[in-house]
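Enquirer: Handing you this structure, nothing more for now.
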Amino acid sequence: MSGETPTGAASGTTLTGAPVSPGAAAGVVATMQAPVGEPAASQLTEADVEAAVARIAAASSAVQTELMRRAQSAKGAGVDVLTATAAMAADPMLIGDATRRVRESHLCPERAVWDAAESVAAQLETLGPPLSERARDVRDVRDRVIADLTGRPAPGVPEPGEPFVLVAVDLAPADTALLDPDSVLALVTAEGGPTSHTAILARSLGIPAVVAVAGATALTDGQVVVVDGTAGTVMVNPDEATVAAVRARPRRAARTFDGVGQTADGVRVQLLANVADPEAARAAATSGAEGVGLFRTEFCFLGRATEPTVAEQVEAYRGVLAAFAGKKVVVRTLDAGADKPLPFVTADSEPNPALGVRGLRTAAAYPGVLDRQLEAIASAAAAEDAEVWVMAPMVATADEAREFVASCRAHGVTTAGVMVEVPAAALRSAAIFEHAQFASLGTNDLVQYTMAADRMLGDLAALSTPWQPAVLDLVKATCDGAVERHRPVGVCGEAAADPVLAPVLVGLGVTSLSMTPRALPDVAAVLAAVDSAECRELAAIALRHATARAARDAVRERLRPVLEPLGL
């Protein structure tokens with residue numbers, strides 16, 4: 001990137017993109033290293049074939065070992081990302097195909113890996129989101145294996161020797177997972193969306209970030225920029241007074257959460273954490289989270305060829321519940337399908353997995369899997385002191401809600417609800433709440449399904465935001481339906497971690513917010529500074545505007561006296 005002409009990044013220019021992680025920072029630009037180039041298709045002699053096969057195996061093993069080593073020192077979501085990428089480095093579909101190409105076509109090992117990876121990535125891209133998102137991961141693994149084969153440094157984050165603003169076309173999950181908030185002041189990418197790996201991990205690390213920035217690739221090493229992750233702007237070569245003002249702002253990391261979420265007039269808003277395993281649950285409890293709003297149970301299913309036993313599940317669930325004795329833990333049943341295929345419940349031939357058999361829909365073909373999971377959840381709940389609620393993902397109709405609640409009760413689960421991710425569920429929430437005792441809005445999928453926009457595409461980042469008026473309308477519709485039955489509604493998507501959006505959601509009727517633990521202090525601080533009437537007024541302001549940017553800008557302007565002292 002550093003060799004490009006900075007036509008779009010002249011001094012005084014302000015670039016705009018999608019704000020995905022709040023806060024502001026000023027610093028010098030450091031760009032990502034150039035990716036591995038396409039290798040020549042050199043031919044091997046028959047005598048060299050087996051040695052080349054062995055080199056591919058050794059490079060694959062070296063990449064996997066290095067990624068797992070990094071996973072041991074990573075934190076939070078980064079551990080899961082690095083572990084998954086390490087597994088992909090040994091994927092037989094990729095490495096086996098590369099080996100076949102060496103043996104059958106006598107291709108040199110780096111070209112064989114390149115062609116095999118392109119084949120896998122192309123197949124993934126035809127499947128549509130969210131499986132198409134894995135193509136980026138495959139190419140990242142490809143570049144790492146080829147770098148090892150050719151003796152080049154592995155692609156990754158630069159180390160300029162001073163704190164810097166990282167600029168890239170996009171970041172691979174393995175790169176994002178290793179970002180150090182003490183070194184990386186802010187992130188700027190040309191691609192990606194509000195729910196991309198980059199956005200999610202930037203929020204979890206508290207690094208200001210703007211994605212889908214037009215002109216980002218014209219930024220060059222050494223330029224000074226001011227990145228505003230709340231407003232979605234990148235100011236190029238600002239004056240010294242602007243830089244000084246940004247650096248004088250309070251550091252967001254200095255705040256803590258006291259464990260009580262509420263508005264200025266004392267209206268309680270539970271601030272909960274999203275967790276995926278016992279370690280994450282313990283970290284969330286330490287951060288002050290009032291409970292768990294989304295416990296992703298997939299962690300004990302993924303990477304297995306067979307379903308875990310009830311006993312295995314009970315042990316895994318108890319590890320999470322134990323961290324929140326006496327507090328609420330909302331357990332989401334298995335969300336298999338789409339980007340989480342499992343051989344024992346999902347097919348591998350769906351033309352559009354995002355709209356296929358996923359979530360609760362898998363129970364129709366494999367009811368025993370859900371029954372055994374509910375048995376395990378009930379047993380774990382009985383053995384621990386947490387207040388356990390259970391919800392099903394991908395509920396679209398009142399009949400599905402009724403059948404799920406009945407299944408929960410049959411297994412001794414007393415509090416059963418649903419995820420609202422499908423627009424149909426939001427529009428017909430009153431009928432769903434005849435059966436469901438609560439709902440949690442999964443805003444990542446709700447945005448994707450409402451706007452028909454792949455959340456990973458930078459070109460669609462303007463659509464892929466919960467600030468879209470149509471999405472806010474669906475949040476309101478869900479909450480309005482809940483009022484009729486006196487049911488609580490939470491948000492457990494990435495929208496809950498946005499401190500500017502939080503009071504809007506509360507004003508629409510949301511009663512709890514579940515997020516990455518790192519976001520808790522910011523969200524709590526903003527809510528504590530506004531009363532419930534102001535939350536309703538902010539919601540009305542957002543709904544009045546025709547575009548997502550106009551809604552966000554209007555709310556942010558109204559909240560400016562609150563946000564600026566907080567460094568937001």
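Ordering of the structure tokens sets the chain letters (A, B, ...), residue numbers begin anew at 1 in every chain, and ligands are numbered from 1 in the order given.
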I'd like to know which residues of segment 256-458 of chain A are strand (DSSP E or B) (by DSSP, run on the backbone); could you write them as a ChimeraX atom specification?
Expert: /A:262,268,270-275,291-296,328-332,337,340,387-392,416-420,439-441
Enquirer: Would you kindly return, as an MDAnalysis selection string, each protein, DNA or RNA residue with an atom no farther than 10 Å from any atom of Ala280 of chain A, considering only C-alpha atoms and excluding same-chain residues fewer than 4 positions away?
Expert: chainID A and resid 75:77 273:276 284:286 295 320 323 516:517
Enquirer: Take the residues that were just selected and, keeping N, CA and C atoms, output them as a compact mmCIF listing (two decimals), in the first residue's frame.
Expert:
```
# COMPACT_ATOMS: atom_id res chain seq x y z
N LYS A 75 -6.20 -12.83 23.79
CA LYS A 75 -7.23 -12.60 24.79
C LYS A 75 -8.60 -12.59 24.14
N GLY A 76 -9.60 -12.94 24.92
CA GLY A 76 -10.99 -12.80 24.50
C GLY A 76 -11.29 -13.50 23.19
N ALA A 77 -11.96 -12.77 22.29
CA ALA A 77 -12.37 -13.35 21.02
C ALA A 77 -11.18 -13.78 20.18
N ALA A 273 -23.06 -9.69 29.39
CA ALA A 273 -21.92 -10.01 28.52
C ALA A 273 -22.27 -11.14 27.57
N ASN A 274 -21.67 -11.10 26.39
CA ASN A 274 -21.71 -12.22 25.46
C ASN A 274 -20.50 -13.10 25.74
N VAL A 275 -20.71 -14.39 25.93
CA VAL A 275 -19.59 -15.30 26.22
C VAL A 275 -19.74 -16.56 25.39
N ALA A 276 -18.60 -17.27 25.22
CA ALA A 276 -18.61 -18.47 24.40
C ALA A 276 -18.07 -19.69 25.13
N ALA A 284 -15.76 -12.13 31.99
CA ALA A 284 -16.92 -11.23 31.99
C ALA A 284 -17.35 -10.92 33.42
N ALA A 285 -17.33 -11.93 34.26
CA ALA A 285 -17.71 -11.70 35.66
C ALA A 285 -16.74 -10.73 36.33
N THR A 286 -15.46 -10.87 36.04
CA THR A 286 -14.46 -9.96 36.60
C THR A 286 -14.68 -8.53 36.13
N PHE A 295 -25.01 -16.76 25.85
CA PHE A 295 -24.04 -17.83 26.01
C PHE A 295 -24.12 -18.68 24.75
N VAL A 320 -19.63 -22.25 32.75
CA VAL A 320 -20.12 -20.89 32.51
C VAL A 320 -21.06 -20.45 33.63
N ALA A 323 -19.67 -19.16 37.01
CA ALA A 323 -19.09 -17.82 37.08
C ALA A 323 -20.13 -16.76 37.44
N THR A 516 -19.66 -7.37 24.32
CA THR A 516 -18.32 -7.71 24.75
C THR A 516 -18.02 -6.99 26.06
N PRO A 517 -17.42 -7.64 27.04
CA PRO A 517 -17.19 -6.99 28.34
C PRO A 517 -16.45 -5.67 28.25
```
Enquirer: Find the residue from A:Val49, A:Ala25, A:Glu557, A:Ala116 that sits nearest to Pro238 of chain A; use only C-alpha atoms when measuring.
Expert: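 Of A:Val49, A:Ala25, A:Glu557, A:Ala116, the one nearest Pro238 of chain A, counting only C-alpha atoms, is A:Ala25.
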Enquirer: In terms of the shortest atom-to-atom distance over only C-alpha atoms, which of A:Gln313, A:Gln33, A:Gly96, A:Ser196 is closest to Gln448 of chain A?
Expert: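 Distance minimum relative to Gln448 of chain A lands on A:Ser196.
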Enquirer: Which is closer to Thr242 of chain A than all the others in A:Ala533, A:Val36, A:Ile377, A:Ala26, using only C-alpha atoms?
Expert: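 Among the listed residues, the smallest separation from Thr242 of chain A belongs to A:Ala26.
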Enquirer: Using only C-alpha atoms, which of A:Ala519, A:Leu124, A:Val227, A:Val369 sits nearest Pro499 of chain A?
Expert: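 When distances to Pro499 of chain A are compared using only C-alpha atoms, the smallest one comes from A:Ala519.
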Enquirer: With only C-alpha atoms as the basis for distance, which of A:Ala410, A:Ala497, A:Val357, A:Ala190 is at the shortest distance from Asp459 of chain A?
Expert: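 Checking each candidate against Asp459 of chain A, we get A:Ala190 as the closest.
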Enquirer: For Leu171 of chain A, which of A:Arg69, A:Thr31, A:Gly37, A:Val102 is the closest residue, counting only C-alpha atoms?
Expert: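 Checking each candidate against Leu171 of chain A, we get A:Thr31 as the closest.
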Enquirer: From the DSSP assignment of the backbone, select every residue of segment 387-464 of chain A that is helix (DSSP H, G or I), and format the answer as a ChimeraX atom specification.
Expert: /A:398-410,423-427,429-432,443-451,458-460
Enquirer: Output the selection as an mmCIF file, in the first residue's frame - N, CA and C atoms for each residue.
Expert:
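Final file, out36.cif:
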```cif
data_model
loop_
_atom_site.group_PDB
_atom_site.id
_atom_site.type_symbol
_atom_site.label_atom_id
_atom_site.label_comp_id
_atom_site.auth_asym_id
_atom_site.auth_seq_id
_atom_site.Cartn_x
_atom_site.Cartn_y
_atom_site.Cartn_z
ATOM 1 N N ALA A 398 -44.801 -17.919 15.204
ATOM 2 C CA ALA A 398 -45.350 -18.190 16.535
ATOM 3 C C ALA A 398 -45.397 -19.684 16.812
ATOM 4 N N ASP A 399 -45.646 -20.492 15.800
ATOM 5 C CA ASP A 399 -45.672 -21.947 15.989
ATOM 6 C C ASP A 399 -44.308 -22.461 16.432
ATOM 7 N N GLU A 400 -43.243 -21.941 15.837
ATOM 8 C CA GLU A 400 -41.903 -22.359 16.249
ATOM 9 C C GLU A 400 -41.644 -21.976 17.700
ATOM 10 N N ALA A 401 -42.073 -20.784 18.085
ATOM 11 C CA ALA A 401 -41.902 -20.357 19.474
ATOM 12 C C ALA A 401 -42.675 -21.262 20.413
ATOM 13 N N ARG A 402 -43.905 -21.580 20.052
ATOM 14 C CA ARG A 402 -44.740 -22.439 20.908
ATOM 15 C C ARG A 402 -44.098 -23.813 21.086
ATOM 16 N N GLU A 403 -43.627 -24.410 19.996
ATOM 17 C CA GLU A 403 -43.040 -25.745 20.072
ATOM 18 C C GLU A 403 -41.745 -25.743 20.882
ATOM 19 N N PHE A 404 -40.941 -24.685 20.725
ATOM 20 C CA PHE A 404 -39.686 -24.623 21.483
ATOM 21 C C PHE A 404 -39.959 -24.469 22.972
ATOM 22 N N VAL A 405 -40.877 -23.592 23.330
ATOM 23 C CA VAL A 405 -41.199 -23.384 24.749
ATOM 24 C C VAL A 405 -41.725 -24.683 25.355
ATOM 25 N N ALA A 406 -42.541 -25.397 24.603
ATOM 26 C CA ALA A 406 -43.073 -26.680 25.093
ATOM 27 C C ALA A 406 -41.941 -27.678 25.320
ATOM 28 N N SER A 407 -40.964 -27.713 24.407
ATOM 29 C CA SER A 407 -39.820 -28.613 24.570
ATOM 30 C C SER A 407 -39.013 -28.250 25.812
ATOM 31 N N CYS A 408 -38.817 -26.962 26.023
ATOM 32 C CA CYS A 408 -38.080 -26.523 27.208
ATOM 33 C C CYS A 408 -38.780 -26.978 28.482
ATOM 34 N N ARG A 409 -40.076 -26.767 28.550
ATOM 35 C CA ARG A 409 -40.831 -27.141 29.752
ATOM 36 C C ARG A 409 -40.798 -28.647 29.969
ATOM 37 N N ALA A 410 -40.832 -29.403 28.888
ATOM 38 C CA ALA A 410 -40.792 -30.858 29.012
ATOM 39 C C ALA A 410 -39.480 -31.337 29.621
ATOM 40 N N PRO A 423 -36.860 -10.721 10.260
ATOM 41 C CA PRO A 423 -37.858 -9.644 10.280
ATOM 42 C C PRO A 423 -39.280 -10.123 10.555
ATOM 43 N N ALA A 424 -39.630 -11.323 10.092
ATOM 44 C CA ALA A 424 -40.978 -11.847 10.340
ATOM 45 C C ALA A 424 -41.270 -11.949 11.828
ATOM 46 N N ALA A 425 -40.272 -12.347 12.609
ATOM 47 C CA ALA A 425 -40.471 -12.475 14.056
ATOM 48 C C ALA A 425 -40.681 -11.117 14.699
ATOM 49 N N ALA A 426 -39.975 -10.104 14.215
ATOM 50 C CA ALA A 426 -40.149 -8.760 14.758
ATOM 51 C C ALA A 426 -41.537 -8.220 14.432
ATOM 52 N N LEU A 427 -41.972 -8.421 13.206
ATOM 53 C CA LEU A 427 -43.262 -7.881 12.771
ATOM 54 C C LEU A 427 -44.434 -8.569 13.457
ATOM 55 N N SER A 429 -44.243 -10.051 16.561
ATOM 56 C CA SER A 429 -43.746 -10.353 17.907
ATOM 57 C C SER A 429 -44.869 -10.563 18.911
ATOM 58 N N ALA A 430 -45.993 -9.861 18.762
ATOM 59 C CA ALA A 430 -47.088 -10.035 19.719
ATOM 60 C C ALA A 430 -47.551 -11.479 19.750
ATOM 61 N N ALA A 431 -47.644 -12.124 18.582
ATOM 62 C CA ALA A 431 -48.051 -13.529 18.514
ATOM 63 C C ALA A 431 -46.983 -14.439 19.099
ATOM 64 N N ILE A 432 -45.720 -14.102 18.873
ATOM 65 C CA ILE A 432 -44.625 -14.911 19.417
ATOM 66 C C ILE A 432 -44.589 -14.808 20.935
ATOM 67 N N THR A 443 -28.991 -8.456 16.529
ATOM 68 C CA THR A 443 -29.001 -7.396 15.523
ATOM 69 C C THR A 443 -28.069 -7.662 14.342
ATOM 70 N N ASN A 444 -27.034 -8.485 14.516
ATOM 71 C CA ASN A 444 -26.145 -8.761 13.379
ATOM 72 C C ASN A 444 -26.924 -9.408 12.242
ATOM 73 N N ASP A 445 -27.649 -10.488 12.548
ATOM 74 C CA ASP A 445 -28.440 -11.151 11.512
ATOM 75 C C ASP A 445 -29.680 -10.345 11.144
ATOM 76 N N LEU A 446 -30.274 -9.662 12.115
ATOM 77 C CA LEU A 446 -31.459 -8.861 11.803
ATOM 78 C C LEU A 446 -31.117 -7.796 10.756
ATOM 79 N N VAL A 447 -29.966 -7.162 10.897
ATOM 80 C CA VAL A 447 -29.538 -6.172 9.907
ATOM 81 C C VAL A 447 -29.313 -6.839 8.552
ATOM 82 N N GLN A 448 -28.627 -7.971 8.564
ATOM 83 C CA GLN A 448 -28.300 -8.650 7.311
ATOM 84 C C GLN A 448 -29.554 -9.083 6.562
ATOM 85 N N TYR A 449 -30.518 -9.627 7.287
ATOM 86 C CA TYR A 449 -31.738 -10.099 6.637
ATOM 87 C C TYR A 449 -32.662 -8.945 6.241
ATOM 88 N N THR A 450 -32.667 -7.886 7.027
ATOM 89 C CA THR A 450 -33.531 -6.748 6.709
ATOM 90 C C THR A 450 -33.028 -5.993 5.482
ATOM 91 N N MET A 451 -31.711 -5.783 5.413
ATOM 92 C CA MET A 451 -31.145 -4.952 4.350
ATOM 93 C C MET A 451 -30.639 -5.768 3.159
ATOM 94 N N GLY A 458 -17.367 -4.367 2.169
ATOM 95 C CA GLY A 458 -17.165 -2.946 2.412
ATOM 96 C C GLY A 458 -18.076 -2.076 1.569
ATOM 97 N N ASP A 459 -18.381 -2.537 0.353
ATOM 98 C CA ASP A 459 -19.259 -1.762 -0.521
ATOM 99 C C ASP A 459 -20.667 -1.606 0.055
ATOM 100 N N LEU A 460 -21.041 -2.493 0.972
ATOM 101 C CA LEU A 460 -22.392 -2.452 1.552
ATOM 102 C C LEU A 460 -22.383 -2.007 3.008
#
```
Enquirer: Using only C-alpha atoms, which residues sit within 10 Å of Leu370 of chain A once same-chain residues fewer than 5 positions away are excluded, as an NGL selection string?
Expert: :A and (333-334 or 360 or 362-364 or 375-376 or 392 or 404 or 407-408)
Enquirer: Skipping near chain neighbours, those fewer than 4 positions away, what residues fall within 10 Å of Asp97 of chain A using only C-alpha atoms, listed as a VMD selection string?
Expert: chain A and resid 91 to 93 101 to 103 112 to 113 115 to 117 119 to 120
Enquirer: Could you list, as a PDB file with C-alpha atoms, in the first residue's frame, every residue within 10 Å of Val211 of chain A, counting only C-alpha atoms and ignoring same-chain residues fewer than 4 positions away?
Expert:
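Result file is out-v2.pdb:
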```
ATOM      1  CA  THR A  16     -15.391   8.931   5.810  1.00  0.00           C
ATOM      2  CA  GLY A  17     -16.382   5.338   6.449  1.00  0.00           C
ATOM      3  CA  ALA A  18     -18.426   3.154   8.754  1.00  0.00           C
ATOM      4  CA  PRO A  19     -17.783   3.806  12.482  1.00  0.00           C
ATOM      5  CA  VAL A  20     -17.415   0.417  14.164  1.00  0.00           C
ATOM      6  CA  SER A  21     -15.499   0.978  17.401  1.00  0.00           C
ATOM      7  CA  VAL A 167      -4.208   1.052   7.790  1.00  0.00           C
ATOM      8  CA  ALA A 168      -5.106  -1.925   5.602  1.00  0.00           C
ATOM      9  CA  VAL A 169      -7.386  -3.019   2.811  1.00  0.00           C
ATOM     10  CA  ASP A 170      -8.796  -5.449   5.378  1.00  0.00           C
ATOM     11  CA  LEU A 187      -7.699   0.926  12.792  1.00  0.00           C
ATOM     12  CA  VAL A 188      -8.626   2.124   9.308  1.00  0.00           C
ATOM     13  CA  THR A 189      -9.625  -0.318   6.554  1.00  0.00           C
ATOM     14  CA  ALA A 190     -10.830   0.084   2.988  1.00  0.00           C
ATOM     15  CA  GLU A 191     -13.127  -2.934   3.234  1.00  0.00           C
ATOM     16  CA  GLY A 192     -15.168  -4.703   5.908  1.00  0.00           C
ATOM     17  CA  GLY A 193     -18.443  -3.923   7.609  1.00  0.00           C
ATOM     18  CA  PRO A 194     -19.835  -3.157  11.079  1.00  0.00           C
ATOM     19  CA  SER A 196     -16.808  -8.039  10.346  1.00  0.00           C
ATOM     20  CA  THR A 198     -12.135  -6.459  12.320  1.00  0.00           C
ATOM     21  CA  ALA A 199     -15.051  -4.528  13.792  1.00  0.00           C
ATOM     22  CA  ALA A 216      -7.886   4.461   2.769  1.00  0.00           C
ATOM     23  CA  GLY A 229     -14.353   5.724  15.548  1.00  0.00           C
ATOM     24  CA  GLY A 232     -16.598   7.413  11.236  1.00  0.00           C
ATOM     25  CA  THR A 233     -13.999   9.926  10.002  1.00  0.00           C
ATOM     26  CA  GLY A 458     -17.165  -2.946   2.412  1.00  0.00           C
ATOM     27  CA  ALA A 461     -21.141  -1.106   4.882  1.00  0.00           C
TER      28      ALA A 461
END
```
